[in-house]
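Reproduced below: input_11.cif, with mmCIF, C-alpha atoms.
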data_model
#
loop_
_atom_site.label_atom_id
_atom_site.label_comp_id
_atom_site.auth_asym_id
_atom_site.auth_seq_id
_atom_site.Cartn_x
_atom_site.Cartn_y
_atom_site.Cartn_z
CA MET A 242 -64.68 20.94 48.96
CA SER A 243 -62.74 24.18 48.89
CA GLY A 244 -59.39 24.38 47.16
CA SER A 245 -57.78 25.55 50.39
CA THR A 246 -58.15 22.16 52.02
CA LYS A 247 -57.87 19.73 49.10
CA PRO A 248 -54.40 19.44 47.59
CA ARG A 249 -54.52 19.58 43.78
CA ARG A 250 -52.38 17.35 41.59
CA SER A 251 -49.65 20.00 41.43
CA THR A 252 -49.43 20.24 45.25
CA HIS A 253 -49.72 16.52 46.08
CA ALA A 254 -45.98 15.88 45.82
CA ARG A 255 -45.30 19.02 47.87
CA ALA A 256 -47.63 17.79 50.61
CA VAL A 257 -45.86 14.43 50.78
CA LEU A 258 -42.49 16.18 50.76
CA SER A 259 -43.46 18.55 53.58
CA GLY A 260 -44.65 15.71 55.77
CA SER A 261 -41.58 13.64 54.99
CA ILE A 262 -39.05 16.40 55.68
CA GLY A 263 -40.54 17.01 59.09
CA ASN A 264 -40.51 13.32 59.83
CA LEU A 265 -36.86 13.18 58.71
CA VAL A 266 -35.77 15.71 61.34
CA GLU A 267 -37.83 14.02 64.06
CA TRP A 268 -36.17 10.69 63.41
CA TYR A 269 -32.72 12.17 62.88
CA ASP A 270 -32.90 13.43 66.46
CA TRP A 271 -34.25 10.07 67.64
CA PHE A 272 -31.52 8.00 65.96
CA VAL A 273 -28.62 10.34 66.66
CA TYR A 274 -28.90 9.28 70.29
CA ALA A 275 -28.30 5.65 69.30
CA ASN A 276 -25.56 6.47 66.78
CA PHE A 277 -23.50 8.53 69.24
CA ALA A 278 -24.10 6.44 72.37
CA LEU A 279 -20.73 4.76 71.81
CA TYR A 280 -19.09 8.13 72.51
CA PHE A 281 -21.16 9.76 75.24
CA ALA A 282 -22.05 6.69 77.35
CA GLY A 283 -19.00 7.20 79.57
CA GLN A 284 -19.73 10.93 79.94
CA PHE A 285 -22.95 10.31 81.85
CA PHE A 286 -22.30 6.81 83.26
CA PRO A 287 -18.55 6.56 83.99
CA GLU A 288 -18.72 3.41 86.14
CA GLY A 289 -18.28 -0.10 84.70
CA ASN A 290 -16.99 -1.55 81.44
CA PRO A 291 -18.04 -0.29 77.98
CA THR A 292 -20.86 -2.85 77.73
CA ALA A 293 -22.27 -1.76 81.11
CA GLN A 294 -22.09 1.90 80.04
CA LEU A 295 -23.91 1.10 76.80
CA MET A 296 -26.55 -0.80 78.79
CA ASN A 297 -27.19 2.34 80.85
CA THR A 298 -27.61 4.49 77.76
CA ALA A 299 -29.75 1.76 76.18
CA ALA A 300 -31.97 1.82 79.28
CA VAL A 301 -32.43 5.57 78.86
CA PHE A 302 -33.10 4.92 75.15
CA ALA A 303 -35.83 2.48 76.19
CA VAL A 304 -37.40 5.07 78.52
CA GLY A 305 -38.07 7.18 75.44
CA PHE A 306 -40.15 4.31 74.11
CA LEU A 307 -42.04 4.03 77.39
CA ALA A 308 -43.08 7.67 76.96
CA ARG A 309 -44.42 6.97 73.47
CA PRO A 310 -47.88 5.74 74.57
CA LEU A 311 -48.37 9.01 76.48
CA GLY A 312 -47.30 11.00 73.43
CA GLY A 313 -49.44 8.83 71.18
CA TRP A 314 -52.50 9.50 73.29
CA VAL A 315 -51.96 13.23 73.93
CA LEU A 316 -50.62 14.30 70.53
CA GLY A 317 -52.78 11.77 68.69
CA ARG A 318 -55.89 13.19 70.33
CA ILE A 319 -54.76 16.69 69.39
CA ALA A 320 -54.16 15.65 65.75
CA ASP A 321 -57.64 14.08 65.57
CA ARG A 322 -59.31 17.13 67.12
CA LYS A 323 -57.22 20.04 65.80
CA GLY A 324 -55.95 18.56 62.54
CA ARG A 325 -52.94 16.65 61.23
CA LYS A 326 -51.10 19.87 60.45
CA PHE A 327 -51.44 21.20 64.02
CA GLY A 328 -50.38 17.88 65.57
CA LEU A 329 -47.32 17.54 63.34
CA THR A 330 -46.21 21.11 64.03
CA LEU A 331 -46.50 20.58 67.77
CA SER A 332 -44.55 17.31 67.71
CA VAL A 333 -41.54 18.81 65.93
CA THR A 334 -41.49 21.67 68.44
CA VAL A 335 -41.23 19.23 71.34
CA MET A 336 -38.48 17.33 69.52
CA SER A 337 -36.45 20.52 69.05
CA VAL A 338 -36.56 21.22 72.79
CA SER A 339 -35.43 17.68 73.61
CA ALA A 340 -32.48 17.82 71.20
CA LEU A 341 -31.35 21.11 72.72
CA LEU A 342 -31.52 19.63 76.22
CA ILE A 343 -29.17 16.79 75.26
CA ALA A 344 -26.80 19.22 73.53
CA VAL A 345 -26.31 21.29 76.69
CA ALA A 346 -26.52 18.54 79.35
CA PRO A 347 -23.43 18.61 81.65
CA ASN A 348 -21.38 15.42 81.95
CA HIS A 349 -20.79 13.45 85.17
CA GLU A 350 -17.53 15.23 85.96
CA GLN A 351 -19.20 18.64 85.74
CA ALA A 352 -22.46 18.02 87.61
CA GLY A 353 -22.63 14.42 88.80
CA TYR A 354 -25.79 12.68 87.71
CA LEU A 355 -27.62 15.92 86.85
CA GLY A 356 -26.57 15.39 83.24
CA ALA A 357 -28.02 11.88 83.29
CA VAL A 358 -31.29 13.28 84.66
CA LEU A 359 -31.44 15.85 81.84
CA LEU A 360 -30.64 13.09 79.37
CA LEU A 361 -33.54 11.08 80.78
CA LEU A 362 -35.89 14.09 80.61
CA ALA A 363 -34.89 14.76 77.01
CA ARG A 364 -35.54 11.15 76.07
CA ILE A 365 -38.99 11.33 77.66
CA LEU A 366 -39.77 14.44 75.60
CA GLN A 367 -38.46 12.68 72.48
CA GLY A 368 -40.68 9.72 73.25
CA ILE A 369 -43.73 11.95 73.63
CA SER A 370 -42.90 13.72 70.38
CA VAL A 371 -42.27 10.59 68.31
CA GLY A 372 -45.27 8.84 69.87
CA GLY A 373 -47.52 11.46 68.31
CA GLU A 374 -45.39 12.05 65.22
CA TYR A 375 -45.57 8.50 63.89
CA ALA A 376 -49.35 8.24 63.84
CA ALA A 377 -50.00 11.82 62.72
CA SER A 378 -47.50 11.38 59.90
CA ALA A 379 -48.99 8.01 58.94
CA ALA A 380 -52.48 9.53 58.87
CA TYR A 381 -51.37 12.60 56.93
CA LEU A 382 -49.33 10.78 54.26
CA THR A 383 -52.01 8.12 53.82
CA GLU A 384 -54.89 10.60 53.62
CA VAL A 385 -53.10 12.97 51.27
CA SER A 386 -52.52 10.08 48.81
CA GLN A 387 -55.68 8.71 47.22
CA ARG A 388 -56.61 5.06 46.92
CA GLY A 389 -54.42 3.21 44.44
CA TRP A 390 -51.38 5.30 45.42
CA ARG A 391 -51.50 5.15 49.22
CA GLY A 392 -48.84 2.47 49.59
CA LEU A 393 -46.39 4.48 47.51
CA GLY A 394 -47.27 7.81 49.15
CA SER A 395 -47.16 6.58 52.72
CA SER A 396 -43.92 4.66 52.12
CA PHE A 397 -42.19 8.02 52.27
CA GLN A 398 -42.79 8.00 56.02
CA TYR A 399 -40.10 5.35 56.44
CA VAL A 400 -38.09 6.83 53.59
CA SER A 401 -37.86 9.94 55.75
CA VAL A 402 -37.18 7.83 58.86
CA THR A 403 -34.28 6.18 57.04
CA LEU A 404 -33.01 9.45 55.59
CA GLY A 405 -33.00 10.82 59.12
CA GLN A 406 -30.81 7.93 60.22
CA LEU A 407 -28.60 8.35 57.15
CA LEU A 408 -28.18 12.01 57.99
CA GLY A 409 -27.16 10.97 61.49
CA LEU A 410 -24.64 8.50 60.05
CA VAL A 411 -23.24 11.17 57.70
CA VAL A 412 -22.72 13.49 60.65
CA LEU A 413 -21.11 10.60 62.55
CA MET A 414 -18.72 9.75 59.71
CA VAL A 415 -17.79 13.40 59.13
CA LEU A 416 -17.03 13.89 62.80
CA GLN A 417 -15.08 10.61 62.92
CA SER A 418 -12.91 11.83 60.04
CA THR A 419 -12.36 15.36 61.37
CA LEU A 420 -12.11 14.82 65.14
CA THR A 421 -10.06 12.43 67.22
CA GLU A 422 -11.87 9.80 69.27
CA GLN A 423 -10.90 11.75 72.39
CA GLN A 424 -12.47 14.94 71.02
CA LEU A 425 -15.62 13.06 69.98
CA THR A 426 -15.93 11.56 73.44
CA ALA A 427 -15.27 14.84 75.22
CA TRP A 428 -17.48 17.27 73.28
CA GLY A 429 -17.91 16.34 69.63
CA TRP A 430 -20.95 14.16 70.32
CA ARG A 431 -22.93 17.32 71.19
CA ILE A 432 -22.71 18.71 67.63
CA PRO A 433 -25.39 16.46 66.05
CA PHE A 434 -27.92 17.43 68.71
CA VAL A 435 -27.33 21.14 68.02
CA ILE A 436 -27.88 20.42 64.31
CA GLY A 437 -31.15 18.63 65.12
CA ALA A 438 -32.47 21.48 67.24
CA VAL A 439 -31.75 24.06 64.53
CA ALA A 440 -33.18 21.89 61.74
CA ALA A 441 -36.43 21.52 63.67
CA LEU A 442 -36.95 25.28 63.45
CA VAL A 443 -36.87 25.02 59.65
CA VAL A 444 -39.38 22.17 59.75
CA PHE A 445 -41.65 24.21 62.02
CA TYR A 446 -41.88 26.82 59.26
CA LEU A 447 -42.54 24.19 56.55
CA ARG A 448 -45.27 22.47 58.52
CA ARG A 449 -47.15 25.68 59.15
CA ARG A 450 -47.55 25.92 55.35
CA MET A 451 -48.90 22.37 54.90
CA HIS A 452 -52.38 21.66 53.53
CA GLU A 453 -54.89 19.90 55.75
CA THR A 454 -56.10 16.59 54.28
CA THR A 455 -59.44 16.18 52.54
CA ALA A 456 -60.45 13.29 54.81
CA TYR A 457 -59.91 15.35 57.97
CA ALA A 458 -61.57 18.46 56.54
CA GLU A 459 -64.68 16.39 55.75
CA GLU A 460 -64.89 15.14 59.33
CA GLU A 461 -64.81 18.69 60.68
CA HIS A 462 -68.28 19.09 59.18
CA HIS A 463 -69.73 15.60 59.70
CA ASP A 464 -68.21 14.06 62.82
CA ALA A 465 -69.14 15.04 66.38
CA GLN A 466 -66.26 17.00 67.92
CA GLN A 467 -66.65 15.30 71.30
CA ARG A 468 -66.10 11.83 69.79
CA ARG A 469 -62.95 12.60 67.84
CA GLY A 470 -59.70 11.28 69.32
CA THR A 471 -61.32 9.72 72.41
CA LEU A 472 -60.32 6.48 74.13
CA ARG A 473 -63.97 5.42 74.09
CA GLU A 474 -63.94 5.50 70.28
CA VAL A 475 -60.64 3.62 70.21
CA TRP A 476 -62.20 0.94 72.43
CA ARG A 477 -65.03 0.57 69.94
CA HIS A 478 -62.36 -0.33 67.40
CA ARG A 479 -60.32 -2.48 69.78
CA ARG A 480 -59.92 -5.33 67.28
CA ALA A 481 -58.20 -2.95 64.87
CA ALA A 482 -56.08 -1.61 67.75
CA GLY A 483 -55.06 -5.14 68.72
CA LEU A 484 -54.11 -5.82 65.13
CA VAL A 485 -51.92 -2.71 65.04
CA PHE A 486 -50.14 -3.98 68.17
CA ALA A 487 -49.53 -7.38 66.59
CA LEU A 488 -48.44 -5.86 63.28
CA THR A 489 -45.92 -3.64 65.05
CA LEU A 490 -44.45 -6.18 67.47
CA GLY A 491 -42.19 -8.11 65.10
CA GLY A 492 -41.59 -5.21 62.74
CA SER A 493 -40.30 -2.89 65.44
CA VAL A 494 -37.94 -5.48 66.92
CA ALA A 495 -36.51 -6.30 63.49
CA PHE A 496 -36.25 -2.66 62.43
CA TYR A 497 -34.31 -1.57 65.52
CA THR A 498 -32.17 -4.70 65.47
CA TYR A 499 -31.02 -4.12 61.90
CA THR A 500 -30.70 -0.34 62.09
CA THR A 501 -29.86 1.14 65.51
CA TYR A 502 -28.39 -1.93 67.21
CA LEU A 503 -26.53 -3.43 64.26
CA THR A 504 -23.90 -0.66 64.23
CA LYS A 505 -22.95 -1.60 67.81
CA TYR A 506 -23.15 -5.32 66.99
CA LEU A 507 -20.74 -4.91 64.08
CA ALA A 508 -18.31 -2.97 66.28
CA ASN A 509 -18.55 -4.92 69.54
CA SER A 510 -19.42 -8.49 68.52
CA VAL A 511 -18.24 -8.83 64.93
CA GLY A 512 -15.08 -6.80 65.53
CA LEU A 513 -15.27 -4.25 62.71
CA PRO A 514 -13.64 -0.84 63.35
CA LYS A 515 -16.24 1.76 64.31
CA PRO A 516 -15.82 3.77 61.07
CA ASP A 517 -16.26 0.58 59.00
CA ALA A 518 -19.38 -0.37 60.95
CA ALA A 519 -20.84 3.09 60.30
CA LEU A 520 -19.99 2.87 56.58
CA VAL A 521 -21.67 -0.55 56.29
CA MET A 522 -24.85 0.87 57.78
CA PHE A 523 -24.72 3.95 55.57
CA VAL A 524 -24.46 2.00 52.30
CA ALA A 525 -27.07 -0.57 53.36
CA LEU A 526 -29.52 2.12 54.44
CA CYS A 527 -29.13 3.86 51.08
CA LEU A 528 -30.37 0.64 49.43
CA PHE A 529 -33.12 0.37 52.04
CA THR A 530 -34.33 3.89 51.17
CA VAL A 531 -34.68 2.91 47.50
CA LEU A 532 -36.54 -0.30 48.35
CA LEU A 533 -39.24 1.38 50.44
CA PRO A 534 -41.16 3.14 47.63
CA ILE A 535 -40.83 -0.04 45.56
CA GLY A 536 -42.43 -2.05 48.35
CA GLY A 537 -45.17 0.55 48.76
CA ALA A 538 -45.91 0.55 45.02
CA ILE A 539 -45.99 -3.26 44.94
CA SER A 540 -48.51 -3.26 47.79
CA ASP A 541 -50.74 -0.94 45.74
CA LYS A 542 -50.82 -3.61 43.03
CA ILE A 543 -50.96 -6.92 44.95
CA GLY A 544 -52.08 -5.85 48.43
CA ARG A 545 -50.50 -5.11 51.82
CA ARG A 546 -50.68 -8.68 53.18
CA PRO A 547 -48.28 -10.36 50.69
CA VAL A 548 -45.62 -7.71 51.32
CA LEU A 549 -45.97 -8.08 55.09
CA ILE A 550 -45.88 -11.87 54.86
CA PHE A 551 -42.60 -11.62 52.90
CA PHE A 552 -41.13 -9.72 55.84
CA GLY A 553 -42.56 -12.10 58.45
CA VAL A 554 -41.24 -15.25 56.80
CA GLY A 555 -37.86 -13.71 55.98
CA THR A 556 -37.24 -12.42 59.51
CA THR A 557 -38.50 -15.56 61.26
CA VAL A 558 -36.31 -17.85 59.18
CA GLY A 559 -33.37 -15.59 58.36
CA THR A 560 -32.38 -13.78 61.56
CA TYR A 561 -30.23 -16.50 63.13
CA PRO A 562 -28.31 -17.37 59.93
CA ILE A 563 -27.65 -13.69 59.13
CA MET A 564 -26.47 -12.68 62.61
CA THR A 565 -24.26 -15.74 63.12
CA ALA A 566 -22.75 -15.44 59.64
CA LEU A 567 -21.68 -11.88 60.46
CA GLN A 568 -19.53 -13.24 63.30
CA ARG A 569 -18.29 -16.23 61.32
CA TRP A 570 -16.96 -14.08 58.44
CA PRO A 571 -15.99 -10.74 60.04
CA SER A 572 -15.12 -8.71 56.95
CA PHE A 573 -16.42 -5.46 55.50
CA GLY A 574 -17.75 -7.08 52.32
CA VAL A 575 -19.63 -9.88 54.09
CA ALA A 576 -21.03 -7.45 56.66
CA LEU A 577 -22.29 -5.16 53.91
CA ALA A 578 -23.89 -7.99 51.89
CA LEU A 579 -25.66 -9.52 54.90
CA THR A 580 -26.82 -6.17 56.24
CA MET A 581 -28.30 -5.33 52.84
CA LEU A 582 -30.05 -8.72 52.79
CA ALA A 583 -31.50 -8.12 56.26
CA LEU A 584 -32.77 -4.64 55.36
CA THR A 585 -34.30 -5.93 52.13
CA ILE A 586 -36.41 -8.24 54.28
CA VAL A 587 -37.26 -5.47 56.77
CA ALA A 588 -38.42 -3.29 53.84
CA GLY A 589 -41.41 -5.62 53.57
CA TYR A 590 -42.66 -4.22 56.87
CA SER A 591 -41.40 -0.64 56.74
CA SER A 592 -42.71 0.12 53.25
CA VAL A 593 -46.38 -0.53 54.10
CA ASN A 594 -46.76 -0.34 57.87
CA ALA A 595 -47.94 3.29 57.89
CA CYS A 596 -50.74 2.89 55.36
CA VAL A 597 -51.98 -0.51 56.51
CA LYS A 598 -52.47 0.77 60.06
CA ALA A 599 -54.10 4.02 58.99
CA GLU A 600 -56.46 2.09 56.70
CA LEU A 601 -57.84 0.15 59.68
CA PHE A 602 -59.46 3.18 61.40
CA PRO A 603 -62.06 5.87 60.58
CA THR A 604 -60.84 9.44 60.21
CA GLY A 605 -62.08 10.68 63.60
CA ILE A 606 -59.73 8.38 65.53
CA ARG A 607 -57.20 7.47 62.83
CA THR A 608 -54.27 9.17 64.56
CA VAL A 609 -54.93 8.15 68.16
CA GLY A 610 -56.17 4.70 67.09
CA VAL A 611 -52.84 4.00 65.42
CA ALA A 612 -50.72 5.87 67.97
CA ILE A 613 -51.64 4.07 71.19
CA PRO A 614 -51.25 0.39 70.19
CA TYR A 615 -48.25 1.22 68.00
CA ALA A 616 -46.56 3.10 70.85
CA LEU A 617 -47.31 0.30 73.33
CA ALA A 618 -45.77 -2.30 71.03
CA GLN A 619 -42.76 -0.06 70.48
CA ALA A 620 -42.37 0.51 74.22
CA VAL A 621 -42.53 -3.18 75.15
CA PHE A 622 -40.63 -4.64 72.20
CA GLY A 623 -38.98 -2.10 69.88
CA GLY A 624 -37.57 0.14 72.59
CA THR A 625 -36.17 -2.74 74.62
CA ALA A 626 -34.62 -4.63 71.68
CA GLU A 627 -31.19 -3.07 72.07
CA TYR A 628 -31.20 -3.52 75.85
CA VAL A 629 -32.26 -7.18 75.51
CA ALA A 630 -29.49 -7.74 72.96
CA LEU A 631 -26.85 -6.19 75.22
CA ALA A 632 -28.14 -8.11 78.25
CA PHE A 633 -27.80 -11.42 76.39
CA ARG A 634 -24.31 -10.40 75.26
CA ASN A 635 -23.31 -9.43 78.79
CA ALA A 636 -24.52 -12.85 80.00
CA GLY A 637 -22.46 -14.63 77.34
CA VAL A 638 -25.48 -16.00 75.42
CA GLU A 639 -25.80 -13.44 72.66
CA HIS A 640 -27.27 -15.98 70.21
CA TYR A 641 -30.42 -16.17 72.35
CA PHE A 642 -31.26 -12.70 71.10
CA PHE A 643 -31.42 -13.97 67.52
CA PHE A 644 -34.09 -16.48 68.53
CA TYR A 645 -35.93 -13.68 70.35
CA VAL A 646 -36.10 -11.59 67.15
CA SER A 647 -37.37 -14.59 65.17
CA ALA A 648 -40.05 -15.35 67.78
CA CYS A 649 -41.33 -11.77 67.69
CA ALA A 650 -41.47 -11.87 63.90
CA LEU A 651 -43.40 -15.15 64.03
CA VAL A 652 -46.11 -13.56 66.19
CA SER A 653 -46.52 -10.76 63.65
CA LEU A 654 -46.47 -13.26 60.78
CA LEU A 655 -49.53 -14.95 62.24
CA ALA A 656 -51.28 -11.57 62.36
CA TYR A 657 -50.34 -10.86 58.74
CA ALA A 658 -51.74 -14.21 57.64
CA LEU A 659 -55.07 -13.66 59.43
CA MET A 660 -55.64 -9.92 58.89
CA PRO A 661 -58.03 -8.50 56.26
CA GLU A 662 -56.64 -6.84 53.13
CA THR A 663 -56.89 -3.04 53.49
CA ARG A 664 -55.65 -1.83 50.09
CA THR A 665 -59.11 -0.80 48.83
CA ALA A 666 -60.38 0.74 52.08
CA ALA A 667 -62.18 4.08 51.65
CA LEU A 668 -60.61 6.74 53.89
CA SER A 669 -62.91 9.63 53.00
CA ARG A 670 -66.54 10.19 52.07
CA ALA A 671 -65.44 11.06 48.54
CA GLU A 672 -63.80 7.64 48.22
CA GLN A 673 -66.93 5.97 49.58
CA ARG A 674 -68.93 7.61 46.80
CA SER A 675 -66.38 6.45 44.18
CA PRO A 676 -65.47 2.89 45.24
CA GLY A 677 -63.75 1.97 41.99
CA LYS A 678 -61.72 5.12 41.50
CA GLU A 679 -57.99 4.64 42.06
CA THR A 680 -56.38 7.72 40.56
CA VAL A 681 -54.67 10.66 42.15
CA SER A 682 -56.79 13.80 42.09
#
With the file now loaded, output its structure as structure tokens.
Amino acid sequence: MSGSTKPRRSTHARAVLSGSIGNLVEWYDWFVYANFALYFAGQFFPEGNPTAQLMNTAAVFAVGFLARPLGGWVLGRIADRKGRKFGLTLSVTVMSVSALLIAVAPNHEQAGYLGAVLLLLARILQGISVGGEYAASAAYLTEVSQRGWRGLGSSFQYVSVTLGQLLGLVVLMVLQSTLTEQQLTAWGWRIPFVIGAVAALVVFYLRRRMHETTAYAEEEHHDAQQRRGTLREVWRHRRAAGLVFALTLGGSVAFYTYTTYLTKYLANSVGLPKPDAALVMFVALCLFTVLLPIGGAISDKIGRRPVLIFFGVGTTVGTYPIMTALQRWPSFGVALALTMLALTIVAGYSSVNACVKAELFPTGIRTVGVAIPYALAQAVFGGTAEYVALAFRNAGVEHYFFFYVSACALVSLLAYALMPETRTAALSRAEQRSPGKETVS
């Protein structure tokens, strides 16, 4: 294998960093929408009370998830046929365009519902972008890290996801401290989307300099071009695709409950001031970021299944007590402690979900095979989590949502208990020839 396609030891960390930085900007743009919805909801949907306005923006948020399967199929197919590098570069380009659209969208007073239509279009583009980004990033970070280190290497996918959300929270807190609430509501909410669009241009440059992975480069010479990235090949591996769906179902609901929705829950249901709610999430997510590589490294030693089972049991049993305790003791300290506990549990899923899914598929359909079932599960469950939570709250039965989260986690827990262990799976022909080798090249 030529040195131009196989990252050496000295470039391995750079490859992981390049993939992670791009993923960070993608997910910064994705989460900024959720973080600033409290301020711009009334700009596009002026009718109704604050909860009704948030439900409208949450519905548009969910539409982005509905577009993910399309993005997973289109961009996943491209990444399997043209390479991980090409697919990742394309996805960040689409995300930049979507962020710019939101930044310039006129409000209801200026252009009626035209702004809402542009908001919807931007969310669809974001959904397409992230639908392909997740699987291409999972494939790239898993393939670029050799067996024995894949859990740790691929954990940086969700490290970058979390850092993207932290960056969004930092921007939120800075704007909250420098602008009045009236200024934030009128125009300040546009600033983070401008930042996201500009940052994507930097990532575009970085991704054009990435190495292609060894596993993909091998398939360029051995696998039939017409079979790579096709739905027919995905159907041949439908059991693995079904497992990806089941793995994602509970994890996505829990992740979005305890990250994007929890800020609103702390402000609207618990009664914390908005700046305090944002600070709680910022500190808790910092801990979460540290826990992710730890979880990935643990999975390299004991396997993916025990780490996933920890998440499944913790979320199934712990969601109702955690969410009700937040309302029972509405203070900053209690909110911080319970949020950190919840995210420690969620780290059991987020730290290993990228590698365990990538390890289920052969290289020729690894991206699209992960992308489609993952995106479908996200569309049906992850993307609607916030809307379901707000709908229960609007109906006066908010505690039903806690049972819903636990039920989703229980379904995934059953999948974790029955799935095969994937830690030692060979992802490339070189690994197949060296089944016992577990060192980084």
If you count all atoms listed in the file, which residues fall within 9 Å of Val593 (chain A), apart from same-chain ones fewer than 6 positions away, as a PyMOL selection string? chain A and resi 392-393+395-396+399+533+536-537+540+545+548-549
Write out as JSON lines a residue-level contact list of region 317-354 of chain A versus region 441-454 of chain A with cut-off 9 Å: for each qualifying residue the closest pair of atoms and the distance in Å to one decimal, counting all atoms listed in the file, rows sorted by chain and residue number upward.
{"residue": "A:Gly324", "atom": "CA", "partner": "A:Glu453", "partner_atom": "CA", "distance": 7.0}
{"residue": "A:Arg325", "atom": "CA", "partner": "A:Glu453", "partner_atom": "CA", "distance": 6.7}
{"residue": "A:Lys326", "atom": "CA", "partner": "A:Glu453", "partner_atom": "CA", "distance": 6.0}
{"residue": "A:Phe327", "atom": "CA", "partner": "A:Arg449", "partner_atom": "CA", "distance": 7.9}
{"residue": "A:Leu329", "atom": "CA", "partner": "A:Arg448", "partner_atom": "CA", "distance": 7.2}
{"residue": "A:Thr330", "atom": "CA", "partner": "A:Arg448", "partner_atom": "CA", "distance": 5.8}
{"residue": "A:Leu331", "atom": "CA", "partner": "A:Phe445", "partner_atom": "CA", "distance": 8.4}
{"residue": "A:Val333", "atom": "CA", "partner": "A:Ala441", "partner_atom": "CA", "distance": 6.2}
{"residue": "A:Thr334", "atom": "CA", "partner": "A:Phe445", "partner_atom": "CA", "distance": 6.9}
{"residue": "A:Met336", "atom": "CA", "partner": "A:Ala441", "partner_atom": "CA", "distance": 7.5}
{"residue": "A:Ser337", "atom": "CA", "partner": "A:Ala441", "partner_atom": "CA", "distance": 5.5}
Would you export the selected residues with C-alpha atoms as a PDB file, in the coordinates of the input, please?
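Result went into again26.pdb, see below:
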ATOM      1  CA  GLY A 324     -55.950  18.560  62.540  1.00  0.00           C
ATOM      2  CA  ARG A 325     -52.940  16.650  61.230  1.00  0.00           C
ATOM      3  CA  LYS A 326     -51.100  19.870  60.450  1.00  0.00           C
ATOM      4  CA  PHE A 327     -51.440  21.200  64.020  1.00  0.00           C
ATOM      5  CA  LEU A 329     -47.320  17.540  63.340  1.00  0.00           C
ATOM      6  CA  THR A 330     -46.210  21.110  64.030  1.00  0.00           C
ATOM      7  CA  LEU A 331     -46.500  20.580  67.770  1.00  0.00           C
ATOM      8  CA  VAL A 333     -41.540  18.810  65.930  1.00  0.00           C
ATOM      9  CA  THR A 334     -41.490  21.670  68.440  1.00  0.00           C
ATOM     10  CA  MET A 336     -38.480  17.330  69.520  1.00  0.00           C
ATOM     11  CA  SER A 337     -36.450  20.520  69.050  1.00  0.00           C
TER      12      SER A 337
END
Excluding Thr625 (chain A) and residues on its chain fewer than 2 positions from it, collect all residues at most 9 Å away from it, counting all atoms listed in the file, and give them as a PyMOL selection string. chain A and resi 299-300+302-304+306+494+619-623+627-630
Output of the PyMOL selection byres ((chain A and resi 515-518) around 8), listed as a ChimeraX atom specification: /A:414,417,504-505,507-508,513-514,519-522,573
By how many Å are CA of Ala256 (chain A) and CA of Tyr381 (chain A) apart?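 Straight-line distance from CA of Ala256 (chain A) to CA of Tyr381 (chain A) works out to 9.0 Å.
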Please report the interatomic distance between CA of Ala612 (chain A) and CA of Thr663 (chain A) in Å with one decimal. 18.1 Å
Any chance you could work out the residue set of the PyMOL selection byres ((chain A and resi 370-372) around 6) here, as a list in words?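 Those residues are Arg309, Gly312, Gly313, Ser332, Val335, Met336, Gln367, Gly368, Ile369, Gly373, Glu374, Tyr375 and Ala616 of chain A.
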Taking the file above as input, evaluate the PyMOL selection byres ((chain A and resi 437-439) around 9) and report the hits as a ChimeraX atom specification. /A:266-267,269-270,273,336-341,344,432-436,440-443
Can you work out the spacing between CA of Ala636 (chain A) and CA of Ser510 (chain A) in Å, to one decimal?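 So the answer is 13.3 Å.
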Centre and edge lengths of an axis-aligned box around all listed atoms of region 550-562 of chain A, with 5 Å added on each side, are to be given in Å to one decimal, as AutoDock Vina command-line options.
--center_x -37.1 --center_y -13.8 --center_z 58.0 --size_x 27.6 --size_y 18.1 --size_z 20.2
Taking the structure I provided as the source, export region 583-595 of chain A with C-alpha atoms, as a PDB file, in the first residue's frame.
ATOM      1  CA  ALA A 583     -27.556  11.634  33.224  1.00  0.00           C
ATOM      2  CA  LEU A 584     -24.750  12.424  30.766  1.00  0.00           C
ATOM      3  CA  THR A 585     -22.436   9.920  32.449  1.00  0.00           C
ATOM      4  CA  ILE A 586     -25.025   7.268  31.627  1.00  0.00           C
ATOM      5  CA  VAL A 587     -25.493   8.556  28.058  1.00  0.00           C
ATOM      6  CA  ALA A 588     -21.706   8.361  27.564  1.00  0.00           C
ATOM      7  CA  GLY A 589     -22.108   4.582  27.535  1.00  0.00           C
ATOM      8  CA  TYR A 590     -23.891   4.913  24.203  1.00  0.00           C
ATOM      9  CA  SER A 591     -22.170   7.926  22.674  1.00  0.00           C
ATOM     10  CA  SER A 592     -18.609   6.717  23.301  1.00  0.00           C
ATOM     11  CA  VAL A 593     -18.949   3.525  21.230  1.00  0.00           C
ATOM     12  CA  ASN A 594     -21.917   3.952  18.904  1.00  0.00           C
ATOM     13  CA  ALA A 595     -19.818   5.048  15.906  1.00  0.00           C
TER      14      ALA A 595
END
